[in-house]
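Student: Got a structure for you, written out below as structure tokens; questions coming shortly.
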Amino acid sequence: MEILKAHDPYPDLRVNIGSLQLQNPVMTASGTFGYAREFENLVNLHRLGGVIVKGISLLPRAGNPPPRIVETSSGMLNAIGLQNVGVTRFIKEKIPYLRGLNVPVVVNILGDTIEEYQEITKQLSDVEGIAALEVNISCPNVKKGGVAFGTVPHMAAAVTEAVKSVSSLPVMVKLSPNVSDIVEMALSVERAGADSLSLINTLIGMAIDVKTKKPKLANVIGGLSGPAIKPVALRMVYQVAQRVSIPVIGIGGIDNMEDALEFLIAGASAIQVGTANFINPRISEDIVDGIGEYVKDQQLGSVRELIGTLEVD
Amino acid sequence: MEILKAHDPYPDLRVNIGSLQLQNPVMTASGTFGYAREFENLVNLHRLGGVIVKGISLLPRAGNPPPRIVETSSGMLNAIGLQNVGVTRFIKEKIPYLRGLNVPVVVNILGDTIEEYQEITKQLSDVEGIAALEVNISCPNVKKGGVAFGTVPHMAAAVTEAVKSVSSLPVMVKLSPNVSDIVEMALSVERAGADSLSLINTLIGMAIDVKTKKPKLANVIGGLSGPAIKPVALRMVYQVAQRVSIPVIGIGGIDNMEDALEFLIAGASAIQVGTANFINPRISEDIVDGIGEYVKDQQLGSVRELIGTLEVD
Amino acid sequence: MSQHQEKARIIRFEQLSEDNFRLTLQSPQIAAQAFPGQFVMILTGKGNDPLLRRPFSLHQASTNGSIQVYFKNVGRGTDILAHAKEGEILDVFGPLGRGYRLVDEKPACLLGGGLGIAPLLFLAKALAKRNRDATSDLILLGGRSKPEVEPLVDDFKQFGMKIICATDDGTYGEEGFVTESLDSERVAPGTHVYACGPEAMLETVHDICLQRGFGCQVSVESVMACGMGACLGCNIPASDGTYAHVCIDGPVFDSGALVWKS
Amino acid sequence: MSQHQEKARIIRFEQLSEDNFRLTLQSPQIAAQAFPGQFVMILTGKGNDPLLRRPFSLHQASTNGSIQVYFKNVGRGTDILAHAKEGEILDVFGPLGRGYRLVDEKPACLLGGGLGIAPLLFLAKALAKRNRDATSDLILLGGRSKPEVEPLVDDFKQFGMKIICATDDGTYGEEGFVTESLDSERVAPGTHVYACGPEAMLETVHDICLQRGFGCQVSVESVMACGMGACLGCNIPASDGTYAHVCIDGPVFDSGALVWKS
Ligand SMILES: Cc1cc2nc3c(=O)[nH]c(=O)nc-3n(C[C@H](O)[C@H](O)[C@H](O)COP(=O)(O)OP(=O)(O)OC[C@H]3O[C@@H](n4cnc5c(N)ncnc54)[C@H](O)[C@@H]3O)c2cc1C
Ligand SMILES: Cc1cc2nc3c(=O)[nH]c(=O)nc-3n(C[C@H](O)[C@H](O)[C@H](O)COP(=O)(O)OP(=O)(O)OC[C@H]3O[C@@H](n4cnc5c(N)ncnc54)[C@H](O)[C@@H]3O)c2cc1C
Ligand SMILES: Cc1cc2nc3c(=O)[nH]c(=O)nc-3n(C[C@H](O)[C@H](O)[C@H](O)COP(=O)(O)O)c2cc1C
Ligand SMILES: Cc1cc2nc3c(=O)[nH]c(=O)nc-3n(C[C@H](O)[C@H](O)[C@H](O)COP(=O)(O)O)c2cc1C
Ligand code: FES
Ligand code: FES
């Protein structure tokens, strides 16, 4: 039933991220939707444009000690510490369920070294049921003294090349917003062969408990997400979309249909919903519905007609 | 009466920003408090730790066309475009009133070229009633193709040196948060001779009107301020305060007494209240009162005992 | 002229139509200083959503220490106010801006469209108090439909001026735009017009006044962060090539001082 | 076990003491699935302040389709709920987490401190429905002062179990900590303890149970963003050296499965 609906010719919500075809532009962001199954009772997963799973590393990671999250004004900080089951268990335990979903599954990967990124890519490349890889480059490069791959253009390019060289899966590189020049990062990664770009990951932030004089996160600093960061995300998506020729996926503070439209108008070919999944698990589905209504109301031939239509005087 | 109160030995709220002595750590941020006079009916200006006036350029600037502001989730974007009366009229029209205030007046300056920064500094240096300069380096360098002084360490250092070389006023350099490495910026500016650092200026953001498909700001992009950005500001202040030896002034989303304490605990010697002045004009005074109560309750010898007391396990 | 920040108690809550509301606030310091055409900044919510205050014209200011605002529920801030209760406290500051200049020697025409009617009640009261010839004065009230106009008419009657109402859909008063009356012989020669309403309406008013040689003051809107000249966010192009700021140079301007789109 | 997201109408609003409130919600889908010790996530506000949902234990879930939450006004979210009105709609999802395992063959001791009393009413009801020997069952309710305990006692009486109350200040029941009773002969040998309350109390409960050889389940708290295992934000150290997640592995744990501070 639902699948039929999704293939209804009208409203036409299909978008392409390079070779990756989505039935609609609404995906769920890594780390905010678990391995999708967590949401199966509350969301009709088959209606989504795509699912990006929690970041996977080569070996399992326990993550940071608690507290890992703290609410801020219109946002939240997280320092999960990339807790995950590791690629082997991921393939064994999570993929079978994900394969049963009728939507593209994108696997978010991370590593401390280029070799790790490469190794995990190899292990995922032959697995059936993976539509694409999303490369999280916001991790510190342990070999380079902990400077994040995501803040130095040539390091980001190196990770991208390494991943591309060992896989034929479409590669989406996820950019960190904690940089002086997001366009430079984007261009560097594009030149290195990325098939698409997703942005933004979280801004780095912090909060202090004035009663105890301790950081509110055990890890001291964490990633800021939610509506608070939407203006920064939208600006970066707009700047990048104007300069690259590969598709851009918008992420950051998307909370409702209008937010999603803002990103499409700014030039994103698709969007990812993150923190909002916690607040309203049904939000991604609601946004799909909302965009559908909008496309009908505006009598657009397809949602693709919206992409990059910002009018600047 | 009020002045007496401020000099009450207890609670001792005095802080030093290098040679600049403040009766308390609460200042008002540039561009959010006009030239102070705007608030005289609503605030007892004499109670403030200091007043930073709207950014002044060499020549008057008309600023950007409307709309210049837009509200966002727990924040606002502004693209005022640095509208100001220029240094000559500032000295003539604004300084006489400011001189009458019993609080240090810090003049925020900006320019498109190093020469402009230098020239305006010269003109302000002999004016009586100016306690310090705050150098806004978030402006695009017109000679270097519009790259902001505030995002390239050696350019920020060059501005700092140029200003320092023509004035004996204390120089506070105001850092932009739109950088990959705030510590590198801070260290560069410190080495160039800055007497103190203030941070953060606004994050660059954007908003789109989905009905008209136009940017909500005539200038397309603008500066994000308010509670939304507090976690980012606090993180940067903490990182910088740990690495520099000059005083740090914390700015960004400070909305109440607890926010102010967070910044002091993170290592700021003083704070500036920005956007919150619009929401509650009396907020700076309220924060002074609040910190006073806190210092009493905690039986601290002085507010200075709080600075940089964050306990990290 | 001085401003005050007050914790104002809601002493009366009125729902005048589905979307339009009127609050009466106990706000003696603001009331004592207020002048027609000025406005106040109201903190609508408790937390950070919405973050900024909202500007509202003074619909009334009374010597008994109360002020009124008349508003339409159009978004988050006004929705919170539309659900306020008598007895609750609102944080308000004002009075702000430059109000209407009273031109005693000319017949007055008060022209309000939709929510633009808000400041005119206070203005009518102020004009009625002046020692002047009011025989040719006229009040023109317009709106899209009956609920935008009808609930306010009684309040205007007390001043004895002639009132003409018009609605776009003809459900109350005459059918059509209220500006049509301005362009008719109903308005005495040499009249001075005090207008408030949507931008398109004000532009028509300006054009008609220019043609007929009427003096014309308009109250305009803009987004505002501070309401008091500090943020410089509320600029509009002025006819002298500079920017005016709605919150301190306005919200009332001589219509000739502004740049009109077409 | 399935979860549901419902628009739940507030059918009863009770203020049980100055700070403590109880809401009864029409939430048939959640009620039908709920088990004692599980919780729900409630959206407290309309806008973004506060941003995240708040977790609340199920105080009751009824076959008539209603659920109850019992809460204390401690901050922004609970303050909004404390000002809710009957008839209003709340967005709620659940039931979430693992509740109490019912150990039918042992005497039960339900021990709640402060707001930790919340889940025990539902638990008492569930235990009362089982076909088991309840003669040695015991309910221990503690709090700082009378208003934290007294308003709930009547509800517990219906199950016929023995109830002992204690308050820190002696204003209701015995003076002292409720855990003192646990460490006395009032509790039958071989009892299984079901506890909920502040961390320090639970630690004491764990210690006593260890000493006396009682089985012990505790319901713990942690900050939560999602409540359903997606964000991984609610971890606590487990005794096997890994992290457990309060929202899916708990909130109820065998006390031995957790790491206690001292
Ligand atoms: C000087 C001045 C006096 C005013 N007097 C009155 C009055 O007496 N009665 C009254 O009902 N309104 C008045 N307004 C408009 C009023 O301030 C806005 O309706 C209000 O700010 C909307 O807030 P909101 O949170 O409900 O809407 P939001 O959620 O912020 O926005 C909802 C919609 O309203 C529009 N909007 C937001 N702010 C304004 C604004 N300032 N002007 C016009 N549209 C806006 C938005 O574009 C959006 O489409 C006045 C505005 C100014 C500048
Ligand atoms: C599984 C679970 C079940 C719960 N059941 C109940 C219940 O039945 N009744 C009840 O009253 N409370 C219960 N709580 C606690 C409740 O969720 C918090 O009191 C609530 O989230 C506070 O929200 P607030 O916005 O009012 O406070 P905030 O403004 O967010 O914070 C105010 C103060 O409360 C503290 N606080 C915030 N969140 C929590 C939390 N999750 N746990 C403990 N302290 C917190 C903060 O540190 C702060 O000091 C439960 C928590 C969990 C995890
Ligand atoms: C709890 C949490 C965990 C996250 N984990 C990951 C992750 O594993 N990999 C990743 O690339 N991004 C991760 N993110 C970032 C999100 O995918 C997203 O980029 C970010 O939250 C901004 O979007 P939002 O504002 O909609 O949440 C995480 C975010 C949150 C809140
Ligand atoms: C309307 C507006 C105008 C501003 N103008 C200036 C300015 O002229 N010079 C400057 O250095 N910073 C300016 N700022 C930045 C503030 O001083 C401050 O750094 C920033 O707003 C962050 O603080 P906040 O979150 O408390 O507002 C302006 C901010 C706002 C909101
Ligand atoms: S609203 Fe701030 S200057 Fe007018
Ligand atoms: S609260 Fe999100 S995983 Fe437990």
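In the structure tokens, chains take letters A, B, ... by order of appearance, with residues numbered from 1 within each chain and ligands from 1 in the order shown.
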What's the 6 Å shell around segment 214-224 of chain A, counting only C-alpha atoms, without same-chain residues fewer than 6 positions away, as a ChimeraX atom specification?
Tutor: /A:66-68,76-79,202-208 /B:310-311
Student: Listing only residues of chain A within 9 Å of chain B, what is the closest atom pair and its distance in Å (to one decimal) for each, using only C-alpha atoms, sorted by chain and residue number ascending, as JSON lines?
Tutor:
```
{"residue": "A:Thr72", "atom": "CA", "partner": "B:Pro231", "partner_atom": "CA", "distance": 7.5}
{"residue": "A:Ser73", "atom": "CA", "partner": "B:Ala228", "partner_atom": "CA", "distance": 5.4}
{"residue": "A:Ser74", "atom": "CA", "partner": "B:Ser74", "partner_atom": "CA", "distance": 5.9}
{"residue": "A:Gly75", "atom": "CA", "partner": "B:Ala228", "partner_atom": "CA", "distance": 7.2}
{"residue": "A:Leu77", "atom": "CA", "partner": "B:Pro231", "partner_atom": "CA", "distance": 8.1}
{"residue": "A:Thr151", "atom": "CA", "partner": "B:Ser180", "partner_atom": "CA", "distance": 6.1}
{"residue": "A:Val152", "atom": "CA", "partner": "B:Ser180", "partner_atom": "CA", "distance": 8.4}
{"residue": "A:Pro177", "atom": "CA", "partner": "B:Ser180", "partner_atom": "CA", "distance": 8.6}
{"residue": "A:Asn178", "atom": "CA", "partner": "B:Ser180", "partner_atom": "CA", "distance": 5.4}
{"residue": "A:Val179", "atom": "CA", "partner": "B:Ser180", "partner_atom": "CA", "distance": 3.8}
{"residue": "A:Ser180", "atom": "CA", "partner": "B:Val179", "partner_atom": "CA", "distance": 3.8}
{"residue": "A:Asp181", "atom": "CA", "partner": "B:Val179", "partner_atom": "CA", "distance": 7.6}
{"residue": "A:Leu203", "atom": "CA", "partner": "B:Val232", "partner_atom": "CA", "distance": 7.0}
{"residue": "A:Ile204", "atom": "CA", "partner": "B:Val232", "partner_atom": "CA", "distance": 6.0}
{"residue": "A:Gly205", "atom": "CA", "partner": "B:Val232", "partner_atom": "CA", "distance": 4.2}
{"residue": "A:Met206", "atom": "CA", "partner": "B:Pro231", "partner_atom": "CA", "distance": 4.8}
{"residue": "A:Ala207", "atom": "CA", "partner": "B:Pro231", "partner_atom": "CA", "distance": 5.9}
{"residue": "A:Ile208", "atom": "CA", "partner": "B:Glu262", "partner_atom": "CA", "distance": 5.7}
{"residue": "A:Asp209", "atom": "CA", "partner": "B:Glu262", "partner_atom": "CA", "distance": 7.4}
{"residue": "A:Val210", "atom": "CA", "partner": "B:Glu262", "partner_atom": "CA", "distance": 6.1}
{"residue": "A:Thr212", "atom": "CA", "partner": "B:Glu311", "partner_atom": "CA", "distance": 8.3}
{"residue": "A:Lys213", "atom": "CA", "partner": "B:Leu310", "partner_atom": "CA", "distance": 5.3}
{"residue": "A:Lys214", "atom": "CA", "partner": "B:Glu311", "partner_atom": "CA", "distance": 5.0}
{"residue": "A:Pro215", "atom": "CA", "partner": "B:Val312", "partner_atom": "CA", "distance": 6.9}
{"residue": "A:Ala218", "atom": "CA", "partner": "B:Asp313", "partner_atom": "CA", "distance": 8.2}
{"residue": "A:Val220", "atom": "CA", "partner": "B:Val312", "partner_atom": "CA", "distance": 7.4}
{"residue": "A:Ile221", "atom": "CA", "partner": "B:Arg235", "partner_atom": "CA", "distance": 6.9}
{"residue": "A:Leu224", "atom": "CA", "partner": "B:Pro231", "partner_atom": "CA", "distance": 7.4}
{"residue": "A:Pro227", "atom": "CA", "partner": "B:Ser73", "partner_atom": "CA", "distance": 5.8}
{"residue": "A:Ala228", "atom": "CA", "partner": "B:Ala228", "partner_atom": "CA", "distance": 4.8}
{"residue": "A:Ile229", "atom": "CA", "partner": "B:Ala228", "partner_atom": "CA", "distance": 7.2}
{"residue": "A:Lys230", "atom": "CA", "partner": "B:Gly205", "partner_atom": "CA", "distance": 8.0}
{"residue": "A:Pro231", "atom": "CA", "partner": "B:Gly205", "partner_atom": "CA", "distance": 4.4}
{"residue": "A:Val232", "atom": "CA", "partner": "B:Gly205", "partner_atom": "CA", "distance": 4.2}
{"residue": "A:Ala233", "atom": "CA", "partner": "B:Gly205", "partner_atom": "CA", "distance": 7.3}
{"residue": "A:Leu234", "atom": "CA", "partner": "B:Met206", "partner_atom": "CA", "distance": 6.0}
{"residue": "A:Arg235", "atom": "CA", "partner": "B:Met206", "partner_atom": "CA", "distance": 4.9}
{"residue": "A:Met236", "atom": "CA", "partner": "B:Gly205", "partner_atom": "CA", "distance": 7.8}
{"residue": "A:Tyr238", "atom": "CA", "partner": "B:Met206", "partner_atom": "CA", "distance": 8.7}
{"residue": "A:Glu258", "atom": "CA", "partner": "B:Val210", "partner_atom": "CA", "distance": 6.8}
{"residue": "A:Asp259", "atom": "CA", "partner": "B:Val210", "partner_atom": "CA", "distance": 8.6}
{"residue": "A:Leu261", "atom": "CA", "partner": "B:Val210", "partner_atom": "CA", "distance": 6.7}
{"residue": "A:Glu262", "atom": "CA", "partner": "B:Ile208", "partner_atom": "CA", "distance": 5.7}
{"residue": "A:Phe263", "atom": "CA", "partner": "B:Ile208", "partner_atom": "CA", "distance": 8.5}
{"residue": "A:Ile265", "atom": "CA", "partner": "B:Lys213", "partner_atom": "CA", "distance": 6.9}
{"residue": "A:Ala266", "atom": "CA", "partner": "B:Ile208", "partner_atom": "CA", "distance": 7.9}
{"residue": "A:Thr309", "atom": "CA", "partner": "B:Lys213", "partner_atom": "CA", "distance": 6.9}
{"residue": "A:Leu310", "atom": "CA", "partner": "B:Lys213", "partner_atom": "CA", "distance": 5.3}
{"residue": "A:Glu311", "atom": "CA", "partner": "B:Lys214", "partner_atom": "CA", "distance": 5.0}
{"residue": "A:Val312", "atom": "CA", "partner": "B:Lys214", "partner_atom": "CA", "distance": 6.2}
{"residue": "A:Asp313", "atom": "CA", "partner": "B:Ala218", "partner_atom": "CA", "distance": 8.2}
```
Student: So that I can see what lies close to Ile11 of chain D, please list as a PyMOL selection string the residues with an atom at most 9 Å from it, counting only C-alpha atoms and leaving out residues fewer than 3 positions away in the same chain.
Tutor: chain D and resi 8+23-26+66+85-88
Student: For a quick test of understanding: name the residues of chain C lying within 7 Å of chain D when counting only C-alpha atoms, and present them as a PDB file with N, CA, C and O atoms, in the first residue's frame.
Tutor:
```pdb
ATOM      1  N   GLY C  47       9.977  31.704  28.016  1.00  0.00           N
ATOM      2  CA  GLY C  47      11.293  31.180  27.689  1.00  0.00           C
ATOM      3  C   GLY C  47      11.888  31.866  26.473  1.00  0.00           C
ATOM      4  O   GLY C  47      11.706  33.066  26.271  1.00  0.00           O
ATOM      5  N   ASN C  48      12.578  31.086  25.654  1.00  0.00           N
ATOM      6  CA  ASN C  48      13.268  31.647  24.488  1.00  0.00           C
ATOM      7  C   ASN C  48      12.502  31.484  23.180  1.00  0.00           C
ATOM      8  O   ASN C  48      13.074  31.683  22.119  1.00  0.00           O
ATOM      9  N   ASP C  49      11.250  31.083  23.243  1.00  0.00           N
ATOM     10  CA  ASP C  49      10.513  30.848  22.004  1.00  0.00           C
ATOM     11  C   ASP C  49       9.155  31.507  22.084  1.00  0.00           C
ATOM     12  O   ASP C  49       8.279  30.977  22.747  1.00  0.00           O
TER      13      ASP C  49
END
```
Student: Could you list the residues in chain C lying within 12 Å of chain B, using only C-alpha atoms, and format the result as a JSON list (two decimals) with C-alpha atoms, in the first residue's frame?
Tutor:
```
[["chain", "number", "residue", "atom", "x", "y", "z"],
["C", 1, "MET", "CA", 9.97, 61.89, 27.14],
["C", 2, "SER", "CA", 11.05, 58.91, 29.10],
["C", 3, "GLN", "CA", 10.54, 55.17, 28.83],
["C", 4, "HIS", "CA", 9.69, 52.66, 31.47],
["C", 5, "GLN", "CA", 9.89, 48.91, 31.80],
["C", 6, "GLU", "CA", 6.94, 47.60, 33.76],
["C", 7, "LYS", "CA", 5.51, 44.33, 34.98],
["C", 29, "GLN", "CA", 4.31, 54.71, 34.12],
["C", 30, "ILE", "CA", 3.93, 53.96, 30.44],
["C", 41, "MET", "CA", 7.54, 46.20, 23.25],
["C", 42, "ILE", "CA", 5.94, 43.18, 24.90],
["C", 43, "LEU", "CA", 7.67, 40.01, 26.01],
["C", 44, "THR", "CA", 5.18, 37.41, 24.89],
["C", 45, "GLY", "CA", 6.62, 34.20, 26.27],
["C", 46, "LYS", "CA", 8.42, 33.00, 29.33],
["C", 47, "GLY", "CA", 11.29, 31.18, 27.69],
["C", 48, "ASN", "CA", 13.27, 31.65, 24.49],
["C", 49, "ASP", "CA", 10.51, 30.85, 22.00],
["C", 50, "PRO", "CA", 9.92, 33.37, 20.63],
["C", 51, "LEU", "CA", 13.13, 35.09, 21.61],
["C", 52, "LEU", "CA", 12.44, 38.73, 20.81],
["C", 53, "ARG", "CA", 9.79, 41.11, 22.08],
["C", 54, "ARG", "CA", 6.91, 42.06, 19.83],
["C", 55, "PRO", "CA", 5.98, 45.68, 19.03],
["C", 76, "ARG", "CA", 3.89, 32.45, 17.85],
["C", 77, "GLY", "CA", 4.12, 35.60, 19.92],
["C", 91, "ASP", "CA", 6.82, 42.53, 30.84],
["C", 92, "VAL", "CA", 6.35, 45.66, 28.75],
["C", 93, "PHE", "CA", 8.46, 48.66, 27.94],
["C", 94, "GLY", "CA", 7.68, 51.94, 26.31],
["C", 95, "PRO", "CA", 6.30, 54.28, 25.19],
["C", 96, "LEU", "CA", 8.55, 54.17, 22.16],
["C", 97, "GLY", "CA", 9.00, 56.06, 18.95],
["C", 221, "GLU", "CA", 5.90, 48.69, 10.48],
["C", 222, "SER", "CA", 9.17, 46.85, 10.23],
["C", 223, "VAL", "CA", 10.77, 43.92, 12.01],
["C", 224, "MET", "CA", 12.31, 45.08, 15.25],
["C", 225, "ALA", "CA", 14.74, 43.62, 17.73],
["C", 226, "CYS", "CA", 15.14, 46.40, 20.29],
["C", 227, "GLY", "CA", 12.48, 49.04, 19.59],
["C", 228, "MET", "CA", 14.72, 51.78, 20.93],
["C", 229, "GLY", "CA", 17.34, 52.69, 18.39],
["C", 230, "ALA", "CA", 20.04, 50.33, 19.58],
["C", 231, "CYS", "CA", 20.11, 47.49, 17.06],
["C", 232, "LEU", "CA", 19.61, 49.54, 13.87],
["C", 233, "GLY", "CA", 17.62, 46.66, 12.50],
["C", 234, "CYS", "CA", 14.42, 48.49, 11.59],
["C", 235, "ASN", "CA", 15.61, 50.71, 8.77],
["C", 236, "ILE", "CA", 13.51, 51.87, 5.83],
["C", 237, "PRO", "CA", 14.60, 53.99, 2.89],
["C", 238, "ALA", "CA", 13.84, 57.67, 3.35],
["C", 241, "GLY", "CA", 18.44, 58.94, 0.30],
["C", 242, "THR", "CA", 19.31, 57.92, 3.84],
["C", 243, "TYR", "CA", 17.72, 55.27, 6.00],
["C", 244, "ALA", "CA", 15.18, 56.13, 8.66],
["C", 245, "HIS", "CA", 14.66, 53.81, 11.63],
["C", 246, "VAL", "CA", 11.06, 52.94, 12.29],
["C", 247, "CYS", "CA", 11.48, 52.63, 16.05],
["C", 248, "ILE", "CA", 13.00, 56.04, 16.73]]
```
Student: Report the distance between atom CA of Ser138 of chain A and atom CA of Val26 of chain A in Å, rounded to one decimal place.
Tutor: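 Distance between the two atoms: 22.6 Å.
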Student: Work out how far apart atom CA of Leu110 of chain C and atom CA of Ala195 of chain C are and give it in Å to one decimal.
Tutor: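 Between these atoms lies a distance of 5.9 Å.
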Student: Contacts of Ser167 of chain A at 9 Å or less, counting only C-alpha atoms, minus same-chain residues fewer than 2 places along, as a list in words?
Tutor: Gln118, Thr121, Lys122, Leu124, Ser125, Asp126, Val163, Lys164, Ser165, Leu169, Pro170 and Val171 of chain A
Student: Take the residues from that selection and put them in a file with all heavy atoms, as a compact mmCIF listing (two decimals), in the first residue's frame.
Tutor:
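As a result, out-v5.txt now contains:
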```txt
# COMPACT_ATOMS: atom_id res chain seq x y z
N GLN A 118 39.67 2.93 5.21
CA GLN A 118 39.78 2.08 4.05
C GLN A 118 39.35 0.65 4.36
O GLN A 118 38.62 0.03 3.58
CB GLN A 118 41.24 2.09 3.57
CG GLN A 118 41.33 2.32 2.09
CD GLN A 118 42.74 2.66 1.64
OE1 GLN A 118 43.69 2.66 2.44
NE2 GLN A 118 42.87 2.95 0.37
N THR A 121 35.62 0.34 4.74
CA THR A 121 34.99 0.46 3.42
C THR A 121 35.06 -0.87 2.67
O THR A 121 34.07 -1.32 2.10
CB THR A 121 35.69 1.56 2.60
OG1 THR A 121 35.64 2.78 3.32
CG2 THR A 121 35.01 1.74 1.24
N LYS A 122 36.23 -1.48 2.71
CA LYS A 122 36.38 -2.78 2.04
C LYS A 122 35.38 -3.78 2.58
O LYS A 122 34.72 -4.49 1.84
CB LYS A 122 37.80 -3.32 2.27
CG LYS A 122 38.85 -2.68 1.38
CD LYS A 122 40.19 -3.38 1.58
CE LYS A 122 41.35 -2.50 1.13
NZ LYS A 122 42.60 -2.84 1.81
N LEU A 124 32.57 -3.32 3.90
CA LEU A 124 31.17 -3.01 3.61
C LEU A 124 30.84 -3.12 2.12
O LEU A 124 29.68 -3.24 1.74
CB LEU A 124 30.83 -1.59 4.09
CG LEU A 124 30.74 -1.38 5.61
CD1 LEU A 124 30.70 0.10 5.95
CD2 LEU A 124 29.52 -2.10 6.18
N SER A 125 31.89 -3.10 1.29
CA SER A 125 31.66 -2.94 -0.14
C SER A 125 30.90 -4.07 -0.80
O SER A 125 30.15 -3.85 -1.74
CB SER A 125 32.99 -2.70 -0.86
OG SER A 125 33.36 -1.36 -0.64
N ASP A 126 31.09 -5.26 -0.30
CA ASP A 126 30.43 -6.38 -0.96
C ASP A 126 29.14 -6.80 -0.27
O ASP A 126 28.52 -7.78 -0.63
CB ASP A 126 31.39 -7.57 -1.02
CG ASP A 126 32.64 -7.20 -1.80
OD1 ASP A 126 32.50 -6.41 -2.76
OD2 ASP A 126 33.73 -7.64 -1.43
N VAL A 163 38.87 6.09 0.50
CA VAL A 163 37.61 5.36 0.50
C VAL A 163 37.18 5.03 -0.92
O VAL A 163 36.80 3.90 -1.24
CB VAL A 163 36.52 6.17 1.25
CG1 VAL A 163 35.14 5.59 1.02
CG2 VAL A 163 36.84 6.24 2.74
N LYS A 164 37.24 6.03 -1.79
CA LYS A 164 36.83 5.84 -3.18
C LYS A 164 37.66 4.74 -3.85
O LYS A 164 37.15 3.97 -4.66
CB LYS A 164 37.00 7.14 -3.97
CG LYS A 164 35.88 8.16 -3.81
CD LYS A 164 34.53 7.66 -4.29
CE LYS A 164 34.45 7.54 -5.81
NZ LYS A 164 33.08 7.08 -6.20
N SER A 165 38.94 4.68 -3.52
CA SER A 165 39.84 3.77 -4.22
C SER A 165 39.54 2.30 -3.93
O SER A 165 39.98 1.43 -4.65
CB SER A 165 41.30 4.08 -3.87
OG SER A 165 41.55 3.70 -2.53
N LEU A 169 30.88 1.76 -4.25
CA LEU A 169 29.67 2.35 -3.70
C LEU A 169 29.71 3.87 -3.84
O LEU A 169 30.80 4.46 -3.77
CB LEU A 169 29.54 2.02 -2.20
CG LEU A 169 29.05 0.62 -1.82
CD1 LEU A 169 29.22 0.42 -0.32
CD2 LEU A 169 27.59 0.44 -2.22
N PRO A 170 28.56 4.49 -4.03
CA PRO A 170 28.55 5.96 -4.01
C PRO A 170 29.06 6.46 -2.66
O PRO A 170 28.68 5.92 -1.62
CB PRO A 170 27.08 6.32 -4.20
CG PRO A 170 26.41 5.10 -4.72
CD PRO A 170 27.22 3.94 -4.25
N VAL A 171 29.88 7.49 -2.69
CA VAL A 171 30.46 8.01 -1.45
C VAL A 171 29.99 9.45 -1.21
O VAL A 171 30.23 10.34 -2.01
CB VAL A 171 32.00 7.94 -1.48
CG1 VAL A 171 32.59 8.70 -0.29
CG2 VAL A 171 32.47 6.49 -1.48
```
Student: Expressed in Å to a single decimal, how great is the separation between atom CA of Gly252 of chain B and atom CA of Val51 of chain B?
Tutor: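 Result for atom CA of Gly252 of chain B versus atom CA of Val51 of chain B: 15.8 Å, one decimal.
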Student: Could you tell me, as a PyMOL selection string, which residues of segment 75-311 of chain A DSSP assigns to alpha helix (DSSP H) when given the backbone?
Tutor: chain A and resi 86-89+95-99+114-125+153-165+182-191+230-243+257-266+276-279+283-297
Student: Return as a list in words the full set of residues in segment 126-249 of chain B whose backbone-based DSSP assignment is strand (DSSP E).
Tutor: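 Strand (DSSP E) members of segment 126-249 of chain B, listed: Ala132, Leu133, Glu134, Val135, Asn136, Val171, Met172, Val173, Lys174, Ser196, Leu197, Ser198, Leu199, Leu203, Ile204, Gly205, Met206, Ile208, Asp209, Lys214, Pro215, Ile221, Gly222, Gly223, Leu224, Ser225, Val248 and Ile249 of chain B.
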